[in-house]
Amino acid sequence: MAAESLASPRRVSVKRKALEGYREFVGDELIAEVRGLAAEVRGLRVLELSATATGGGVAELLSSLVPLQRDLGIEAEWMVIAGDHGFFEVTKRIHNGLQGMDVDLSGAEREEFLRHNEANARALEGHWDAIVVHDPQPAAVRSFAPALADRWIWRCHIDSSDAHVPVWEFLRPYVELHDLAAFTLEEFVPPDLAIPTAMLVPAIDPITSKNQSLPDYLARRTVAALGVDVAEPLLLQVSRFDPWKDPLGVVEVWRRVRETFPTLQLALVGSMATDDPEAWRIYEQIERETAGERDCLLLTDQMGVASHEVNAFQRVADVAIQKSTREGFGLVVSETLWKGTAMVAGRAGGIPDQLQDGVGGYLADSTEQFSARVTELLEDPASASQMGDAGARRVREHFLLPRLLRDHLAVLRNILAEGNGAR
Ligand code: UDP
């Protein structure tokens, strides 16, 4: 198939948002700082280019960052690249390879990746001051259409610190055509990357249906309507059905904790991103594994788990778990702690930044440790609640959206300032 005959990128429409609404959460100083930076980049045309408008942390971030940039006078747009099932199978393998999985990319797969990148690049029209390319899926767009923007940023949201060499060697020449690569953590930067880097630590939006306050009775009613018995304890994991999030390991932890708490329910709430064909396979695997278990709820957003329902789950859960073995940032951790719910989470990627052992819950490394910590928190709800509150304070201080907006604007300002800043 010729590149031109493939589908084109699609514009994503977003709600309006106003920075002023965030003042009550983050205080005057940060709002002033954001406004100061925005004044330096007002009128800028910025395109955020990603692979999906729903499901996963990138979509979550962009649906808030794009409207807030607009509120500040930046002409921000968000487009998602087009791709078919075959393309997203390849890009998921690239994603897995970047996170260290031993995957081979065949010649045909490489060609598939490039063909879709070329088609998307050729279908993009216009000119931007800066294009921010998110994650590996559109990473080769710049190589096919360099004139679309004055500056190109590759924003990598995943842990690429120990990438599988052949996958990284394939991707690296395309990445290095960008002017800057932005990562979530310093330790994610591949050691041989030869372009300037910057850090952009993600954050959550407190004014969304997922994170806004929700009266207790409503939260309980919401999860009850989805099959939870609110009179009995609930263990929760919210995440894509992805091997790195270890959902089968969560089932194992639940089974062990049930030896002490026999009525413990488990809810696995997982969105199905359109760029993640692996998710259905894993979902079916868990379904088989938990067949006949009345107290295990498997919910996906394609079956109607809306953001306010995720919100309710994160509030009602007695303990939440994030059993990631590899993680980019793990937005769900801040989301959960923001609601004062204690967690037990893997020591992976951005998680220990958000949840320090003993503040917000516990970090754990093995199924045994997870089970012991979850049991401990269930046995002592008063201390679980105190930990949750401490976690919420940390999120307020470090992981709310205006802080990320400030860092994002600083990166844009620096990269566009000729001869200084990030370059
Ligand atoms: N999410 C959701 N519905 C679900 C499962 C996940 O809205 O059923 C959201 C979750 O609330 C979070 C994002 O998807 O905002 C996941 O981001 P995270 O950084 O934790 O992981 P990623 O999926 O990007 O690896």
# chains A, B, ... in the order shown; residues from 1 in each chain; ligands from 1

$ residues_near_ligand --ligand "ligand 1" --cutoff "7 Å" --atoms "only C-alpha atoms and all ligand atoms" --output "number ranges by chain"
A: 55-58, 60, 238-240, 269-271, 300-301, 305-307, 310, 327-333, 335

$ select_by_dssp --residues "segment 72-204 of chain A" --states "strand (DSSP E or B)" --output "ChimeraX atom specification"
/A:75-80,128-134,149-156,180-183,197-199,204

$ residues_around --residues "Val201 of chain A" --least-positions-apart "3" --cutoff "10 Å" --atoms "only C-alpha atoms" --output "PyMOL selection string"
chain A and resi 157+182-186+198+328-329+350+353+398-399+403-404+407-408

$ write_last_selection --atoms "N, CA, C and O atoms" --output "mmCIF file, in the first residue's frame"
data_model
loop_
_atom_site.group_PDB
_atom_site.id
_atom_site.type_symbol
_atom_site.label_atom_id
_atom_site.label_comp_id
_atom_site.auth_asym_id
_atom_site.auth_seq_id
_atom_site.Cartn_x
_atom_site.Cartn_y
_atom_site.Cartn_z
ATOM 1 N N HIS A 157 7.337 9.053 27.460
ATOM 2 C CA HIS A 157 6.656 8.860 28.752
ATOM 3 C C HIS A 157 7.029 7.537 29.402
ATOM 4 O O HIS A 157 6.523 7.235 30.479
ATOM 5 N N ALA A 182 12.356 14.939 25.931
ATOM 6 C CA ALA A 182 11.918 15.165 27.317
ATOM 7 C C ALA A 182 11.482 13.847 27.929
ATOM 8 O O ALA A 182 10.761 13.067 27.299
ATOM 9 N N PHE A 183 11.933 13.621 29.149
ATOM 10 C CA PHE A 183 11.650 12.367 29.853
ATOM 11 C C PHE A 183 10.980 12.655 31.186
ATOM 12 O O PHE A 183 11.023 13.782 31.686
ATOM 13 N N THR A 184 10.408 11.576 31.756
ATOM 14 C CA THR A 184 9.751 11.700 33.051
ATOM 15 C C THR A 184 10.773 11.738 34.186
ATOM 16 O O THR A 184 10.594 12.463 35.159
ATOM 17 N N LEU A 185 11.810 10.940 34.056
ATOM 18 C CA LEU A 185 12.845 10.890 35.084
ATOM 19 C C LEU A 185 14.211 10.899 34.415
ATOM 20 O O LEU A 185 14.382 10.332 33.332
ATOM 21 N N GLU A 186 15.167 11.497 35.090
ATOM 22 C CA GLU A 186 16.544 11.534 34.585
ATOM 23 C C GLU A 186 17.044 10.125 34.257
ATOM 24 O O GLU A 186 17.704 9.894 33.247
ATOM 25 N N ALA A 198 15.428 17.167 28.630
ATOM 26 C CA ALA A 198 14.795 17.934 29.714
ATOM 27 C C ALA A 198 13.894 16.979 30.470
ATOM 28 O O ALA A 198 13.534 15.920 29.942
ATOM 29 N N GLY A 328 6.219 4.094 33.626
ATOM 30 C CA GLY A 328 6.696 5.418 33.260
ATOM 31 C C GLY A 328 6.567 6.258 34.520
ATOM 32 O O GLY A 328 7.430 6.249 35.399
ATOM 33 N N PHE A 329 5.462 6.921 34.642
ATOM 34 C CA PHE A 329 5.232 7.697 35.858
ATOM 35 C C PHE A 329 4.247 6.968 36.772
ATOM 36 O O PHE A 329 4.487 6.779 37.954
ATOM 37 N N GLY A 350 8.244 6.212 38.105
ATOM 38 C CA GLY A 350 7.925 7.399 38.911
ATOM 39 C C GLY A 350 7.175 7.094 40.195
ATOM 40 O O GLY A 350 6.847 8.026 40.939
ATOM 41 N N ASP A 353 8.658 8.327 43.646
ATOM 42 C CA ASP A 353 8.605 9.784 43.778
ATOM 43 C C ASP A 353 7.282 10.225 44.387
ATOM 44 O O ASP A 353 7.213 11.186 45.135
ATOM 45 N N HIS A 398 3.420 18.529 44.956
ATOM 46 C CA HIS A 398 4.333 18.245 43.829
ATOM 47 C C HIS A 398 3.677 17.813 42.520
ATOM 48 O O HIS A 398 4.306 17.882 41.477
ATOM 49 N N PHE A 399 2.477 17.269 42.592
ATOM 50 C CA PHE A 399 1.981 16.568 41.393
ATOM 51 C C PHE A 399 0.641 17.078 40.876
ATOM 52 O O PHE A 399 -0.146 16.306 40.345
ATOM 53 N N ARG A 403 1.989 22.832 38.103
ATOM 54 C CA ARG A 403 3.447 22.631 38.173
ATOM 55 C C ARG A 403 3.980 22.056 36.858
ATOM 56 O O ARG A 403 4.981 22.522 36.317
ATOM 57 N N LEU A 404 3.254 21.099 36.296
ATOM 58 C CA LEU A 404 3.680 20.537 35.006
ATOM 59 C C LEU A 404 3.558 21.583 33.894
ATOM 60 O O LEU A 404 4.432 21.687 33.028
ATOM 61 N N ASP A 407 6.536 23.751 33.983
ATOM 62 C CA ASP A 407 7.743 23.101 33.444
ATOM 63 C C ASP A 407 7.664 22.983 31.926
ATOM 64 O O ASP A 407 8.658 23.155 31.220
ATOM 65 N N HIS A 408 6.464 22.676 31.432
ATOM 66 C CA HIS A 408 6.249 22.538 29.991
ATOM 67 C C HIS A 408 6.496 23.885 29.295
ATOM 68 O O HIS A 408 7.173 23.943 28.259
#

$ residues_around --residues "Arg256 of chain A" --least-positions-apart "6" --cutoff "9 Å" --atoms "only C-alpha atoms" --output "CSV table (one decimal) with all heavy atoms, in the first residue's frame"
chain,number,residue,atom,x,y,z
A,367,THR,N,5.3,-10.5,45.6
A,367,THR,CA,3.9,-10.9,45.9
A,367,THR,C,3.8,-11.0,47.4
A,367,THR,O,2.8,-10.6,48.0
A,367,THR,CB,3.6,-12.2,45.2
A,367,THR,OG1,3.8,-12.0,43.8
A,367,THR,CG2,2.1,-12.6,45.4
A,368,GLU,N,4.7,-11.6,48.1
A,368,GLU,CA,4.7,-11.8,49.5
A,368,GLU,C,4.6,-10.4,50.2
A,368,GLU,O,3.8,-10.2,51.1
A,368,GLU,CB,5.9,-12.5,50.1
A,368,GLU,CG,6.1,-14.0,49.7
A,368,GLU,CD,6.5,-14.1,48.2
A,368,GLU,OE1,7.1,-13.2,47.6
A,368,GLU,OE2,6.1,-15.2,47.6
A,371,SER,N,1.3,-8.7,49.6
A,371,SER,CA,0.2,-9.4,50.4
A,371,SER,C,0.3,-8.9,51.9
A,371,SER,O,-0.7,-8.6,52.5
A,371,SER,CB,0.3,-10.9,50.3
A,371,SER,OG,0.4,-11.3,49.0
A,372,ALA,N,1.5,-8.9,52.4
A,372,ALA,CA,1.7,-8.6,53.8
A,372,ALA,C,1.3,-7.1,54.0
A,372,ALA,O,0.6,-6.8,55.0
A,372,ALA,CB,3.2,-8.8,54.2

$ select_by_dssp --residues "segment 138-256 of chain A" --states "helix (DSSP H, G or I)" --output "NGL selection string"
:A and (141-144 or 146-148 or 165-175 or 186-188 or 216-225 or 243-245 or 247-256)

$ atom_distance --atom1 "atom CA of Lys245 of chain A" --atom2 "atom CA of Pro190 of chain A"
22.0 Å

$ closest_residue --among "A:Arg10, A:His127, A:Lys323, A:His308" --to "Lys210 of chain A" --atoms "only C-alpha atoms"
A:His308

$ closest_residue --among "A:Ala194, A:Leu298, A:Ala390, A:Ala384" --to "Val359 of chain A" --atoms "only C-alpha atoms"
A:Ala390

$ residues_around --residues "Ala163 of chain A" --least-positions-apart "5" --cutoff "12 Å" --atoms "only C-alpha atoms" --output "VMD selection string"
chain A and resid 93 to 103 158 168 to 172 188 to 193 326

$ write_last_selection --atoms "N, CA and C atoms" --output "PDB file, in the first residue's frame"
ATOM      1  N   ARG A  93       5.040  -3.409  20.358  1.00  0.00           N
ATOM      2  CA  ARG A  93       6.285  -4.180  20.495  1.00  0.00           C
ATOM      3  C   ARG A  93       7.480  -3.227  20.679  1.00  0.00           C
ATOM      4  N   ILE A  94       7.433  -2.106  19.973  1.00  0.00           N
ATOM      5  CA  ILE A  94       8.502  -1.116  20.158  1.00  0.00           C
ATOM      6  C   ILE A  94       8.449  -0.572  21.594  1.00  0.00           C
ATOM      7  N   HIS A  95       7.231  -0.287  22.049  1.00  0.00           N
ATOM      8  CA  HIS A  95       7.037   0.186  23.433  1.00  0.00           C
ATOM      9  C   HIS A  95       7.636  -0.830  24.414  1.00  0.00           C
ATOM     10  N   ASN A  96       7.289  -2.090  24.216  1.00  0.00           N
ATOM     11  CA  ASN A  96       7.799  -3.133  25.114  1.00  0.00           C
ATOM     12  C   ASN A  96       9.320  -3.248  25.024  1.00  0.00           C
ATOM     13  N   GLY A  97       9.841  -3.131  23.805  1.00  0.00           N
ATOM     14  CA  GLY A  97      11.297  -3.183  23.620  1.00  0.00           C
ATOM     15  C   GLY A  97      11.986  -2.019  24.333  1.00  0.00           C
ATOM     16  N   LEU A  98      11.377  -0.828  24.257  1.00  0.00           N
ATOM     17  CA  LEU A  98      11.970   0.325  24.946  1.00  0.00           C
ATOM     18  C   LEU A  98      11.978   0.108  26.449  1.00  0.00           C
ATOM     19  N   GLN A  99      10.967  -0.620  26.935  1.00  0.00           N
ATOM     20  CA  GLN A  99      10.929  -0.888  28.383  1.00  0.00           C
ATOM     21  C   GLN A  99      11.778  -2.112  28.752  1.00  0.00           C
ATOM     22  N   GLY A 100      12.528  -2.621  27.785  1.00  0.00           N
ATOM     23  CA  GLY A 100      13.511  -3.646  28.116  1.00  0.00           C
ATOM     24  C   GLY A 100      13.145  -5.063  27.707  1.00  0.00           C
ATOM     25  N   MET A 101      11.946  -5.252  27.116  1.00  0.00           N
ATOM     26  CA  MET A 101      11.568  -6.626  26.740  1.00  0.00           C
ATOM     27  C   MET A 101      12.390  -7.077  25.530  1.00  0.00           C
ATOM     28  N   ASP A 102      12.725  -8.338  25.532  1.00  0.00           N
ATOM     29  CA  ASP A 102      13.549  -8.890  24.460  1.00  0.00           C
ATOM     30  C   ASP A 102      12.674  -9.169  23.228  1.00  0.00           C
ATOM     31  N   VAL A 103      12.415  -8.148  22.430  1.00  0.00           N
ATOM     32  CA  VAL A 103      11.582  -8.335  21.236  1.00  0.00           C
ATOM     33  C   VAL A 103      12.403  -8.059  19.980  1.00  0.00           C
ATOM     34  N   ILE A 158       7.831   6.746  28.715  1.00  0.00           N
ATOM     35  CA  ILE A 158       8.073   5.408  29.260  1.00  0.00           C
ATOM     36  C   ILE A 158       9.508   5.265  29.762  1.00  0.00           C
ATOM     37  N   TRP A 168      16.032  -0.049  20.312  1.00  0.00           N
ATOM     38  CA  TRP A 168      16.517   1.316  20.511  1.00  0.00           C
ATOM     39  C   TRP A 168      17.401   1.748  19.341  1.00  0.00           C
ATOM     40  N   GLU A 169      18.222   0.850  18.834  1.00  0.00           N
ATOM     41  CA  GLU A 169      19.083   1.200  17.706  1.00  0.00           C
ATOM     42  C   GLU A 169      18.255   1.541  16.459  1.00  0.00           C
ATOM     43  N   PHE A 170      17.116   0.864  16.328  1.00  0.00           N
ATOM     44  CA  PHE A 170      16.227   1.184  15.210  1.00  0.00           C
ATOM     45  C   PHE A 170      15.612   2.579  15.394  1.00  0.00           C
ATOM     46  N   LEU A 171      15.175   2.862  16.601  1.00  0.00           N
ATOM     47  CA  LEU A 171      14.432   4.105  16.846  1.00  0.00           C
ATOM     48  C   LEU A 171      15.337   5.328  16.988  1.00  0.00           C
ATOM     49  N   ARG A 172      16.519   5.099  17.512  1.00  0.00           N
ATOM     50  CA  ARG A 172      17.391   6.212  17.906  1.00  0.00           C
ATOM     51  C   ARG A 172      17.648   7.246  16.799  1.00  0.00           C
ATOM     52  N   PHE A 188      15.602   7.658  33.087  1.00  0.00           N
ATOM     53  CA  PHE A 188      15.017   7.031  31.897  1.00  0.00           C
ATOM     54  C   PHE A 188      15.786   7.361  30.618  1.00  0.00           C
ATOM     55  N   VAL A 189      16.673   8.337  30.689  1.00  0.00           N
ATOM     56  CA  VAL A 189      17.358   8.785  29.468  1.00  0.00           C
ATOM     57  C   VAL A 189      18.325   7.689  29.001  1.00  0.00           C
ATOM     58  N   PRO A 190      18.170   7.204  27.767  1.00  0.00           N
ATOM     59  CA  PRO A 190      19.121   6.184  27.300  1.00  0.00           C
ATOM     60  C   PRO A 190      20.532   6.766  27.300  1.00  0.00           C
ATOM     61  N   PRO A 191      21.489   6.012  27.807  1.00  0.00           N
ATOM     62  CA  PRO A 191      22.829   6.566  28.028  1.00  0.00           C
ATOM     63  C   PRO A 191      23.494   7.117  26.770  1.00  0.00           C
ATOM     64  N   ASP A 192      23.133   6.549  25.595  1.00  0.00           N
ATOM     65  CA  ASP A 192      23.831   6.991  24.375  1.00  0.00           C
ATOM     66  C   ASP A 192      23.031   8.011  23.564  1.00  0.00           C
ATOM     67  N   LEU A 193      21.996   8.570  24.142  1.00  0.00           N
ATOM     68  CA  LEU A 193      21.197   9.550  23.393  1.00  0.00           C
ATOM     69  C   LEU A 193      22.010  10.822  23.186  1.00  0.00           C
ATOM     70  N   ARG A 326       7.448  -2.417  35.663  1.00  0.00           N
ATOM     71  CA  ARG A 326       8.066  -1.287  34.961  1.00  0.00           C
ATOM     72  C   ARG A 326       6.982  -0.232  34.877  1.00  0.00           C
TER      73      ARG A 326
END

$ atom_distance --atom1 "atom CA of Glu89 of chain A" --atom2 "atom CA of Ala348 of chain A"
24.5 Å

$ atom_distance --atom1 "atom CA of Pro247 of chain A" --atom2 "atom CA of Ile207 of chain A"
28.5 Å

$ closest_residue --among "A:Pro206, A:Asp104, A:Gly27, A:Ile153" --to "Leu180 of chain A" --atoms "only C-alpha atoms"
A:Ile153

$ residues_around --residues "segment 223-226 of chain A" --least-positions-apart "4" --cutoff "8 Å" --atoms "only C-alpha atoms" --output "number ranges by chain"
A: 219, 230, 309, 312-313, 316

$ residues_around --residues "Leu65 of chain A" --least-positions-apart "2" --cutoff "12 Å" --atoms "only C-alpha atoms" --output "ChimeraX atom specification"
/A:14-19,46-48,58-63,67-72,74-78,202-205,400-409
